[in-house]
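Participant: Input: one structure, supplied below.
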Amino acid sequence: MPRAVYVLALGIFAMVTSEFVVAGLMPQMAEGLHVTVPQIGYLITVFAAAMAAGGPFLAMAVGRLAPRTALLTLFAVFLAGNVLAATAPGYAVMTAARVITGVASQAFFGVAVSLCVRLARPELRGRAIAVVMNGLMLGTLLGLPLSTLVGERYGWRAAFWAISGLALVAAAVTLVGVPRLARLGDGGGLRSELGVFRNPRLWLVLSTSTLIIGATFSAFSYFNPILTEVTGFAGGTVPLLLIAYGAATVVGNTVVGRLADRRTVPVLATGLLLNALFLTGFALLADLPVAAVVCMLGIGLAGVTMNPAMVTRVQRTGNAGPLVNTVHSSFITLGVILGSSLGAVAIEARGLRAALWLGAGMAVLGLATLVPEFTSGRSGGFGRSGGSGVSGGSGSSAAPGESSPGPVRREAPTGTGTRA
């Protein structure tokens with residue numbers, strides 16, 4: 001596995017830690033910015049909305065740069081947003097800071113995944129994507145509690161300064177550890193990049209990802225009140241259970257990464273089926289502590305861990321370019337927004353278990369979007385006889401039967417006319 005893949009995971013870890021830091025510091029931030037806790041909660045929504053709506057545009061803006069230069073540019077934007085958050089004198093400035101960091105995070109995700117595919121050999125692409133995605137999982141497992149600990153001990157602004165320091169370290173490691181690859185060929189320019197979205201099947205594939213993540217987050221967003229008010233766990237026990245959930249996501253992500261290349265759709269179908277069963281079991285047995293924990297860990301194993309297979313399927317249907325990967329990330333973020341917001345509506349109408357039933361329903365809908373894959377015989381992964389649909393980073397889809405591209409082309413030295 002190329003070392004640069006682990007470097008990309010570190011960058012995503014920094015981005016995800018910034019995304020979730022507000023969730024652990026709501027009371028302190030509300031007091032410091034002289035607003036209410038619900039208003040601080042809106043900062044999470046603002047970040048997610050900025051990711052979904054603005055990320056693809058920033059990805060297009062840096063798309064003409066060499067990959068490493070694009071990553072460093074996005075680090076600079078992200079760092080500016082975090083510094084602005086750490087020094088924000090009021091709520092309006094903090095909101096602007098969350099928009100900046102959200103847009104940068106989403107674009108970084110798309111560029112990183114696209115570069116990951118270029119760096120890894122064809123037979124290792126699924127595993128490489130899983131390594132990069134572990135930056136996301138570890139951001140939830142370690143980044144959130146660590147940033148919360150820093151904020152509680154030294155003040156909420158210190159948490160943002162710590163994330164800024166982490167971003168600087170990740171940028172320095174990227175400068176040293178990511179090879180200087182040539183920028184992607186024009187391939188017809190922006191029109192060609194956008195042309196792939198004329199494929200109706202791509203939109204169906206993107207909707208599957210939204211439903212997978214939406215099903216998971218309709219439950220995950222409300223684990224705390226469900227586990228305390230329905231299951232009966234003490235408040236101090238819940239953080240330990242969430243750490244166990246995070247560990248389950250790391251394990252599941254690694255397993256899926258090993259299977260994603262050749263069994264893409266069967267893996268997604270199995271994950272959705274298991275998630276539907278665990279969500280249903282949780283809804284039925286939420287008042288039984290052992291059963292509730294088993295179901296919660298099952299959701300961790302089979303929920304967001306589908307990311308490597310989701311990315312593989314999107315790239316096979318569209319291409320491996322930064323724009324497609326960033327738009328896919330926006331659809332994933334849409335799943336987070338839909339799952340959490342519809343879960344709140346369901347809870348208000350039917351109680352806490354309703355969020356779990358909603359998640360099960362979304363998982364079943366996700367299964368339905370896979371039916372065309374099985375009926376058309378396209379349920380495999382990157383087989384030897386079939387095209388991967390993932391170019392080596394050219395941004396264009398490989399036609400069925402095409403071989404994988406050769407080794408990546410490195411940049412010419414500075415001064416030869418090739419961008420650094």
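Each chain of the structure tokens is named A, B, ... in the order shown, its residues numbered from 1; ligands are numbered from 1 in display order.
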What's around segment 158-165 of chain A at 10 Å? Count only C-alpha atoms, leave out sequence neighbours fewer than 6 positions away in its own chain, and write the answer as an mmCIF file with N, CA and C atoms, in the first residue's frame.

Facilitator:
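Wrote out.cif, looks like this:
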data_model
loop_
_atom_site.group_PDB
_atom_site.id
_atom_site.type_symbol
_atom_site.label_atom_id
_atom_site.label_comp_id
_atom_site.auth_asym_id
_atom_site.auth_seq_id
_atom_site.Cartn_x
_atom_site.Cartn_y
_atom_site.Cartn_z
ATOM 1 N N ALA A 14 -8.306 15.076 10.132
ATOM 2 C CA ALA A 14 -8.347 16.460 10.598
ATOM 3 C C ALA A 14 -9.658 17.131 10.209
ATOM 4 N N MET A 15 -10.093 16.888 8.973
ATOM 5 C CA MET A 15 -11.339 17.498 8.496
ATOM 6 C C MET A 15 -12.551 17.008 9.298
ATOM 7 N N THR A 17 -12.597 15.700 12.314
ATOM 8 C CA THR A 17 -12.532 16.197 13.691
ATOM 9 C C THR A 17 -13.114 17.600 13.781
ATOM 10 N N SER A 18 -12.826 18.428 12.793
ATOM 11 C CA SER A 18 -13.385 19.779 12.768
ATOM 12 C C SER A 18 -14.899 19.754 12.588
ATOM 13 N N VAL A 21 -16.459 18.706 16.082
ATOM 14 C CA VAL A 21 -16.015 19.329 17.325
ATOM 15 C C VAL A 21 -17.142 20.085 18.020
ATOM 16 N N VAL A 22 -18.025 20.710 17.262
ATOM 17 C CA VAL A 22 -19.108 21.503 17.860
ATOM 18 C C VAL A 22 -20.023 20.629 18.709
ATOM 19 N N LEU A 25 -19.002 20.396 22.347
ATOM 20 C CA LEU A 25 -18.724 21.624 23.101
ATOM 21 C C LEU A 25 -19.881 22.621 23.055
ATOM 22 N N PHE A 75 -5.987 22.659 2.208
ATOM 23 C CA PHE A 75 -5.533 22.781 3.593
ATOM 24 C C PHE A 75 -5.476 24.247 4.012
ATOM 25 N N PHE A 78 -8.994 25.464 4.589
ATOM 26 C CA PHE A 78 -9.492 24.827 5.808
ATOM 27 C C PHE A 78 -8.868 25.467 7.049
ATOM 28 N N LEU A 79 -7.552 25.704 7.000
ATOM 29 C CA LEU A 79 -6.856 26.314 8.131
ATOM 30 C C LEU A 79 -7.374 27.723 8.390
ATOM 31 N N ALA A 80 -7.612 28.474 7.323
ATOM 32 C CA ALA A 80 -8.153 29.833 7.485
ATOM 33 C C ALA A 80 -9.502 29.786 8.190
ATOM 34 N N GLY A 81 -10.343 28.829 7.811
ATOM 35 C CA GLY A 81 -11.647 28.704 8.456
ATOM 36 C C GLY A 81 -11.541 28.349 9.922
ATOM 37 N N ASN A 82 -10.616 27.471 10.281
ATOM 38 C CA ASN A 82 -10.466 27.073 11.680
ATOM 39 C C ASN A 82 -9.883 28.190 12.537
ATOM 40 N N VAL A 83 -8.944 28.918 11.977
ATOM 41 C CA VAL A 83 -8.395 30.064 12.714
ATOM 42 C C VAL A 83 -9.485 31.108 12.928
ATOM 43 N N LEU A 84 -10.305 31.320 11.911
ATOM 44 C CA LEU A 84 -11.417 32.255 12.056
ATOM 45 C C LEU A 84 -12.374 31.788 13.148
ATOM 46 N N ALA A 85 -12.620 30.468 13.221
ATOM 47 C CA ALA A 85 -13.496 29.926 14.261
ATOM 48 C C ALA A 85 -12.878 30.124 15.646
ATOM 49 N N ALA A 86 -11.572 29.899 15.752
ATOM 50 C CA ALA A 86 -10.907 30.021 17.055
ATOM 51 C C ALA A 86 -10.907 31.454 17.568
ATOM 52 N N THR A 87 -10.964 32.416 16.659
ATOM 53 C CA THR A 87 -10.903 33.830 17.060
ATOM 54 C C THR A 87 -12.243 34.541 16.896
ATOM 55 N N GLY A 143 -11.208 11.597 17.198
ATOM 56 C CA GLY A 143 -11.168 13.044 17.030
ATOM 57 C C GLY A 143 -12.181 13.773 17.890
ATOM 58 N N LEU A 146 -11.299 13.530 21.771
ATOM 59 C CA LEU A 146 -10.075 14.264 22.080
ATOM 60 C C LEU A 146 -10.284 15.773 21.994
ATOM 61 N N SER A 147 -10.988 16.214 20.951
ATOM 62 C CA SER A 147 -11.253 17.651 20.833
ATOM 63 C C SER A 147 -12.171 18.124 21.954
ATOM 64 N N THR A 148 -13.107 17.274 22.352
ATOM 65 C CA THR A 148 -13.990 17.622 23.473
ATOM 66 C C THR A 148 -13.180 17.750 24.759
ATOM 67 N N LEU A 149 -12.245 16.822 24.958
ATOM 68 C CA LEU A 149 -11.402 16.872 26.161
ATOM 69 C C LEU A 149 -10.576 18.154 26.199
ATOM 70 N N VAL A 150 -9.984 18.519 25.072
ATOM 71 C CA VAL A 150 -9.199 19.760 24.998
ATOM 72 C C VAL A 150 -10.094 20.961 25.291
ATOM 73 N N GLY A 151 -11.292 20.980 24.681
ATOM 74 C CA GLY A 151 -12.199 22.104 24.873
ATOM 75 C C GLY A 151 -12.678 22.243 26.307
ATOM 76 N N GLU A 152 -12.951 21.112 26.949
ATOM 77 C CA GLU A 152 -13.427 21.164 28.332
ATOM 78 C C GLU A 152 -12.332 21.607 29.297
ATOM 79 N N ALA A 171 -0.801 18.985 6.630
ATOM 80 C CA ALA A 171 -0.344 19.644 5.407
ATOM 81 C C ALA A 171 1.149 19.427 5.202
#

Participant: Just want the 10 Å neighbourhood of Phe223 of chain A, counted on only C-alpha atoms, with same-chain residues fewer than 6 positions away dropped. Output as a list in words.

Facilitator: Phe217, Glu229, Val238, Leu241, Leu242, Met296, Leu352, Ala355 and Leu356 of chain A

Participant: Pull C-alpha atoms from the residues just selected and write them as an mmCIF file, in the first residue's frame.

Facilitator:
data_model
loop_
_atom_site.group_PDB
_atom_site.id
_atom_site.type_symbol
_atom_site.label_atom_id
_atom_site.label_comp_id
_atom_site.auth_asym_id
_atom_site.auth_seq_id
_atom_site.Cartn_x
_atom_site.Cartn_y
_atom_site.Cartn_z
ATOM 1 C CA PHE A 217 -27.667 8.467 10.799
ATOM 2 C CA GLU A 229 -34.260 6.994 28.059
ATOM 3 C CA VAL A 238 -22.994 6.088 26.743
ATOM 4 C CA LEU A 241 -20.732 2.498 24.128
ATOM 5 C CA LEU A 242 -20.109 5.084 21.407
ATOM 6 C CA MET A 296 -26.037 -0.878 17.953
ATOM 7 C CA LEU A 352 -37.583 7.687 20.135
ATOM 8 C CA ALA A 355 -35.995 6.998 14.357
ATOM 9 C CA LEU A 356 -34.890 3.356 14.279
#

Participant: Taking 4 positions as the minimum chain separation for residues in the same chain, which residues sit within 8 Å of Pro56 of chain A when counting only C-alpha atoms? Answer as an mmCIF file with all heavy atoms, in the first residue's frame.

Facilitator:
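Ended up saving to part24.cif:
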data_model
loop_
_atom_site.group_PDB
_atom_site.id
_atom_site.type_symbol
_atom_site.label_atom_id
_atom_site.label_comp_id
_atom_site.auth_asym_id
_atom_site.auth_seq_id
_atom_site.Cartn_x
_atom_site.Cartn_y
_atom_site.Cartn_z
ATOM 1 N N ALA A 52 -22.259 19.949 1.327
ATOM 2 C CA ALA A 52 -23.071 19.404 0.239
ATOM 3 C C ALA A 52 -23.194 20.375 -0.926
ATOM 4 O O ALA A 52 -23.107 19.977 -2.094
ATOM 5 C CB ALA A 52 -24.457 19.023 0.765
ATOM 6 N N MET A 60 -14.126 21.894 -8.362
ATOM 7 C CA MET A 60 -13.932 22.302 -9.750
ATOM 8 C C MET A 60 -12.876 23.406 -9.838
ATOM 9 O O MET A 60 -12.070 23.436 -10.767
ATOM 10 C CB MET A 60 -15.258 22.794 -10.350
ATOM 11 C CG MET A 60 -16.239 21.680 -10.689
ATOM 12 S SD MET A 60 -17.654 22.250 -11.651
ATOM 13 C CE MET A 60 -18.554 23.190 -10.421
ATOM 14 N N GLN A 106 -15.241 19.138 2.146
ATOM 15 C CA GLN A 106 -15.876 18.326 1.104
ATOM 16 C C GLN A 106 -14.996 18.226 -0.139
ATOM 17 O O GLN A 106 -14.845 17.146 -0.720
ATOM 18 C CB GLN A 106 -17.230 18.937 0.730
ATOM 19 C CG GLN A 106 -18.097 18.058 -0.138
ATOM 20 C CD GLN A 106 -18.830 16.999 0.671
ATOM 21 O OE1 GLN A 106 -18.257 16.394 1.582
ATOM 22 N NE2 GLN A 106 -20.076 16.760 0.366
ATOM 23 N N ALA A 107 -14.424 19.341 -0.553
ATOM 24 C CA ALA A 107 -13.546 19.321 -1.725
ATOM 25 C C ALA A 107 -12.314 18.465 -1.461
ATOM 26 O O ALA A 107 -11.853 17.724 -2.338
ATOM 27 C CB ALA A 107 -13.146 20.746 -2.098
ATOM 28 N N LEU A 323 -14.323 15.719 -9.252
ATOM 29 C CA LEU A 323 -15.674 16.263 -9.238
ATOM 30 C C LEU A 323 -16.697 15.184 -8.907
ATOM 31 O O LEU A 323 -17.590 15.387 -8.072
ATOM 32 C CB LEU A 323 -16.010 16.913 -10.585
ATOM 33 C CG LEU A 323 -17.404 17.550 -10.675
ATOM 34 C CD1 LEU A 323 -17.587 18.609 -9.601
ATOM 35 C CD2 LEU A 323 -17.639 18.140 -12.063
ATOM 36 N N THR A 326 -16.411 14.299 -5.274
ATOM 37 C CA THR A 326 -16.921 15.355 -4.396
ATOM 38 C C THR A 326 -18.442 15.392 -4.415
ATOM 39 O O THR A 326 -19.086 15.559 -3.366
ATOM 40 C CB THR A 326 -16.351 16.724 -4.815
ATOM 41 O OG1 THR A 326 -14.926 16.659 -4.837
ATOM 42 C CG2 THR A 326 -16.764 17.806 -3.830
ATOM 43 N N VAL A 327 -19.039 15.234 -5.594
ATOM 44 C CA VAL A 327 -20.504 15.185 -5.673
ATOM 45 C C VAL A 327 -21.028 13.981 -4.903
ATOM 46 O O VAL A 327 -22.043 14.061 -4.195
ATOM 47 C CB VAL A 327 -20.974 15.144 -7.145
ATOM 48 C CG1 VAL A 327 -22.460 14.835 -7.231
ATOM 49 C CG2 VAL A 327 -20.666 16.474 -7.833
ATOM 50 N N SER A 330 -21.136 14.791 -1.445
ATOM 51 C CA SER A 330 -22.285 15.658 -1.160
ATOM 52 C C SER A 330 -23.555 14.833 -0.963
ATOM 53 O O SER A 330 -24.393 15.146 -0.104
ATOM 54 C CB SER A 330 -22.477 16.664 -2.296
ATOM 55 O OG SER A 330 -21.414 17.601 -2.337
#

Participant: Between A:Thr69, A:Ser209, A:Thr237, A:Ser341, which one has atoms that come closest to Leu115 of chain A, using only C-alpha atoms?

Facilitator: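 Of all the options, A:Thr69 lies closest to Leu115 of chain A.
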
Participant: Just list as a VMD selection string whatever in segment 170-233 of chain A DSSP marks as alpha helix (DSSP H).

Facilitator: chain A and resid 170 to 177 189 to 195 200 to 220 223 to 225

Participant: Restrict the selected residues to N, CA, C and O atoms and save them as a compact mmCIF listing (two decimals), in the first residue's frame.

Facilitator:
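That gives us selection-v7.txt:
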# COMPACT_ATOMS: atom_id res chain seq x y z
N ALA A 170 -0.79 17.84 9.18
CA ALA A 170 -1.24 17.03 8.03
C ALA A 170 -0.78 17.65 6.71
O ALA A 170 -0.40 16.93 5.79
N ALA A 171 -0.80 18.99 6.63
CA ALA A 171 -0.34 19.64 5.41
C ALA A 171 1.15 19.43 5.20
O ALA A 171 1.61 19.18 4.08
N ALA A 172 1.93 19.51 6.28
CA ALA A 172 3.38 19.30 6.18
C ALA A 172 3.68 17.86 5.75
O ALA A 172 4.55 17.62 4.90
N VAL A 173 2.95 16.91 6.32
CA VAL A 173 3.14 15.50 5.96
C VAL A 173 2.73 15.27 4.50
O VAL A 173 3.36 14.51 3.78
N THR A 174 1.69 15.96 4.06
CA THR A 174 1.26 15.86 2.67
C THR A 174 2.33 16.40 1.72
O THR A 174 2.61 15.81 0.68
N LEU A 175 2.92 17.51 2.10
CA LEU A 175 3.98 18.11 1.27
C LEU A 175 5.14 17.13 1.09
O LEU A 175 5.73 17.03 0.01
N VAL A 176 5.45 16.39 2.14
CA VAL A 176 6.59 15.47 2.11
C VAL A 176 6.19 14.09 1.58
O VAL A 176 6.92 13.46 0.81
N GLY A 177 5.00 13.63 1.96
CA GLY A 177 4.63 12.24 1.72
C GLY A 177 3.82 11.95 0.48
O GLY A 177 3.70 10.79 0.08
N GLY A 189 -12.16 19.30 -20.69
CA GLY A 189 -12.44 20.38 -19.78
C GLY A 189 -13.66 20.13 -18.92
O GLY A 189 -14.11 19.00 -18.71
N LEU A 190 -14.20 21.23 -18.39
CA LEU A 190 -15.32 21.14 -17.46
C LEU A 190 -16.53 20.48 -18.10
O LEU A 190 -17.26 19.74 -17.44
N ARG A 191 -16.75 20.74 -19.37
CA ARG A 191 -17.92 20.15 -20.04
C ARG A 191 -17.84 18.63 -19.99
O ARG A 191 -18.84 17.95 -19.77
N SER A 192 -16.63 18.10 -20.19
CA SER A 192 -16.45 16.65 -20.12
C SER A 192 -16.68 16.14 -18.71
O SER A 192 -17.28 15.08 -18.51
N GLU A 193 -16.18 16.87 -17.71
CA GLU A 193 -16.38 16.48 -16.32
C GLU A 193 -17.86 16.43 -15.96
O GLU A 193 -18.32 15.53 -15.27
N LEU A 194 -18.60 17.43 -16.44
CA LEU A 194 -20.03 17.49 -16.13
C LEU A 194 -20.84 16.50 -16.96
O LEU A 194 -21.93 16.09 -16.56
N GLY A 195 -20.30 16.11 -18.12
CA GLY A 195 -21.05 15.24 -19.02
C GLY A 195 -21.41 13.90 -18.41
O GLY A 195 -22.44 13.31 -18.76
N PRO A 200 -28.27 8.55 -16.36
CA PRO A 200 -29.28 8.38 -15.31
C PRO A 200 -28.88 7.35 -14.25
O PRO A 200 -29.25 7.48 -13.08
N ARG A 201 -28.14 6.34 -14.67
CA ARG A 201 -27.74 5.30 -13.72
C ARG A 201 -26.85 5.86 -12.62
O ARG A 201 -26.90 5.40 -11.47
N LEU A 202 -26.05 6.87 -12.93
CA LEU A 202 -25.19 7.47 -11.92
C LEU A 202 -26.03 8.08 -10.80
O LEU A 202 -25.68 7.96 -9.62
N TRP A 203 -27.14 8.72 -11.16
CA TRP A 203 -28.00 9.32 -10.14
C TRP A 203 -28.64 8.26 -9.26
O TRP A 203 -28.82 8.47 -8.04
N LEU A 204 -28.97 7.10 -9.83
CA LEU A 204 -29.50 6.00 -9.02
C LEU A 204 -28.43 5.50 -8.06
O LEU A 204 -28.71 5.22 -6.88
N VAL A 205 -27.21 5.39 -8.56
CA VAL A 205 -26.10 4.94 -7.72
C VAL A 205 -25.85 5.92 -6.58
O VAL A 205 -25.64 5.53 -5.42
N LEU A 206 -25.90 7.21 -6.87
CA LEU A 206 -25.72 8.23 -5.84
C LEU A 206 -26.84 8.16 -4.80
O LEU A 206 -26.59 8.35 -3.60
N SER A 207 -28.06 7.88 -5.25
CA SER A 207 -29.18 7.79 -4.31
C SER A 207 -29.01 6.62 -3.35
O SER A 207 -29.43 6.70 -2.19
N THR A 208 -28.39 5.53 -3.81
CA THR A 208 -28.12 4.41 -2.91
C THR A 208 -27.24 4.85 -1.75
O THR A 208 -27.49 4.52 -0.58
N SER A 209 -26.19 5.60 -2.07
CA SER A 209 -25.29 6.08 -1.02
C SER A 209 -26.02 6.97 -0.02
O SER A 209 -25.82 6.88 1.19
N THR A 210 -26.89 7.84 -0.53
CA THR A 210 -27.67 8.70 0.36
C THR A 210 -28.52 7.88 1.31
O THR A 210 -28.60 8.17 2.52
N LEU A 211 -29.16 6.84 0.80
CA LEU A 211 -30.04 6.01 1.64
C LEU A 211 -29.25 5.18 2.64
O LEU A 211 -29.70 4.98 3.78
N ILE A 212 -28.09 4.69 2.25
CA ILE A 212 -27.25 3.93 3.19
C ILE A 212 -26.86 4.80 4.38
O ILE A 212 -27.01 4.40 5.55
N ILE A 213 -26.38 6.00 4.09
CA ILE A 213 -25.94 6.89 5.17
C ILE A 213 -27.15 7.43 5.93
O ILE A 213 -27.10 7.57 7.16
N GLY A 214 -28.23 7.75 5.23
CA GLY A 214 -29.42 8.24 5.90
C GLY A 214 -29.99 7.22 6.87
O GLY A 214 -30.40 7.57 7.99
N ALA A 215 -30.01 5.94 6.47
CA ALA A 215 -30.50 4.88 7.35
C ALA A 215 -29.67 4.81 8.63
O ALA A 215 -30.21 4.65 9.74
N THR A 216 -28.37 4.95 8.49
CA THR A 216 -27.49 4.85 9.65
C THR A 216 -27.62 6.06 10.56
O THR A 216 -27.72 5.93 11.78
N PHE A 217 -27.65 7.26 9.97
CA PHE A 217 -27.67 8.47 10.80
C PHE A 217 -29.03 8.76 11.40
O PHE A 217 -29.11 9.51 12.37
N SER A 218 -30.09 8.17 10.87
CA SER A 218 -31.38 8.33 11.53
C SER A 218 -31.34 7.69 12.91
O SER A 218 -32.05 8.12 13.82
N ALA A 219 -30.48 6.67 13.06
CA ALA A 219 -30.30 6.02 14.35
C ALA A 219 -29.15 6.65 15.13
O ALA A 219 -29.30 7.01 16.30
N PHE A 220 -27.99 6.79 14.49
CA PHE A 220 -26.79 7.27 15.17
C PHE A 220 -27.01 8.64 15.82
O PHE A 220 -26.53 8.89 16.92
N PHE A 223 -28.64 7.98 19.27
CA PHE A 223 -28.19 6.89 20.14
C PHE A 223 -28.22 7.31 21.61
O PHE A 223 -28.65 6.54 22.47
N ASN A 224 -27.74 8.53 21.89
CA ASN A 224 -27.65 8.96 23.29
C ASN A 224 -29.02 8.94 23.98
O ASN A 224 -29.17 8.27 25.01
N PRO A 225 -30.05 9.64 23.47
CA PRO A 225 -31.34 9.58 24.17
C PRO A 225 -31.98 8.20 24.15
O PRO A 225 -32.66 7.81 25.12

Participant: Hey, what's within 12 Å of Leu240 of chain A if we count only C-alpha atoms and toss same-chain stuff fewer than 3 positions away? As an NGL selection string, please?

Facilitator: :A and (141-142 or 145 or 224 or 227 or 233-237 or 243-247 or 293)

Participant: Considering only C-alpha atoms, tabulate each residue of segment 82-149 of chain A that lies at most 9 Å from segment 261-281 of chain A along with its nearest interatomic pair and the corresponding distance in Å to one decimal; arrange the rows by chain and ascending residue number and present them as JSON lines.

Facilitator:
{"residue": "A:Pro122", "atom": "CA", "partner": "A:Asp261", "partner_atom": "CA", "distance": 8.8}
{"residue": "A:Glu123", "atom": "CA", "partner": "A:Asp261", "partner_atom": "CA", "distance": 7.5}
{"residue": "A:Leu124", "atom": "CA", "partner": "A:Asp261", "partner_atom": "CA", "distance": 8.1}
{"residue": "A:Arg125", "atom": "CA", "partner": "A:Asp261", "partner_atom": "CA", "distance": 7.1}
{"residue": "A:Gly126", "atom": "CA", "partner": "A:Asp261", "partner_atom": "CA", "distance": 5.2}
{"residue": "A:Arg127", "atom": "CA", "partner": "A:Asp261", "partner_atom": "CA", "distance": 8.4}

Participant: For the residues in the current selection, export N, CA and C atoms as a CSV table (one decimal), in the first residue's frame.

Facilitator:
chain,number,residue,atom,x,y,z
A,122,PRO,N,-4.5,-1.4,-9.3
A,122,PRO,CA,-5.9,-1.8,-9.5
A,122,PRO,C,-6.4,-2.8,-8.5
A,123,GLU,N,-5.6,-3.8,-8.1
A,123,GLU,CA,-6.1,-4.9,-7.2
A,123,GLU,C,-6.2,-4.4,-5.8
A,124,LEU,N,-5.6,-3.2,-5.5
A,124,LEU,CA,-5.6,-2.7,-4.1
A,124,LEU,C,-6.4,-1.5,-3.9
A,125,ARG,N,-7.2,-1.1,-4.9
A,125,ARG,CA,-7.9,0.1,-4.8
A,125,ARG,C,-9.0,0.1,-3.7
A,126,GLY,N,-9.7,-1.0,-3.6
A,126,GLY,CA,-10.7,-1.1,-2.6
A,126,GLY,C,-10.1,-1.0,-1.2
A,127,ARG,N,-9.0,-1.6,-1.0
A,127,ARG,CA,-8.3,-1.5,0.3
A,127,ARG,C,-7.7,-0.1,0.6

Participant: Which residue gives the smallest distance to Val46 of chain A among A:Arg350, A:Arg68, A:Arg98, A:Arg198, with only C-alpha atoms counted?

Facilitator: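 Closest to Val46 of chain A, using only C-alpha atoms: A:Arg98.
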
Participant: Would you mind telling me which residue in A:Ala97, A:Ala368, A:Leu33, A:Ala66 lies nearest to Phe47 of chain A when using only C-alpha atoms?

Facilitator: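 Of A:Ala97, A:Ala368, A:Leu33, A:Ala66, the one nearest Phe47 of chain A, counting only C-alpha atoms, is A:Ala97.
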
Participant: Have a look at A:Leu43, A:Val304, A:Leu181, A:Val93 and name the one nearest to Thr333 of chain A; count only C-alpha atoms.

Facilitator: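 For Thr333 of chain A, the nearest of the candidates is A:Val304.
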
Participant: Please measure the separation of atom CA of Val113 of chain A and atom CA of Val62 of chain A, giving the value in Å to one decimal.

Facilitator: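 Value for the atom CA of Val113 of chain A-atom CA of Val62 of chain A distance: 14.5 Å.
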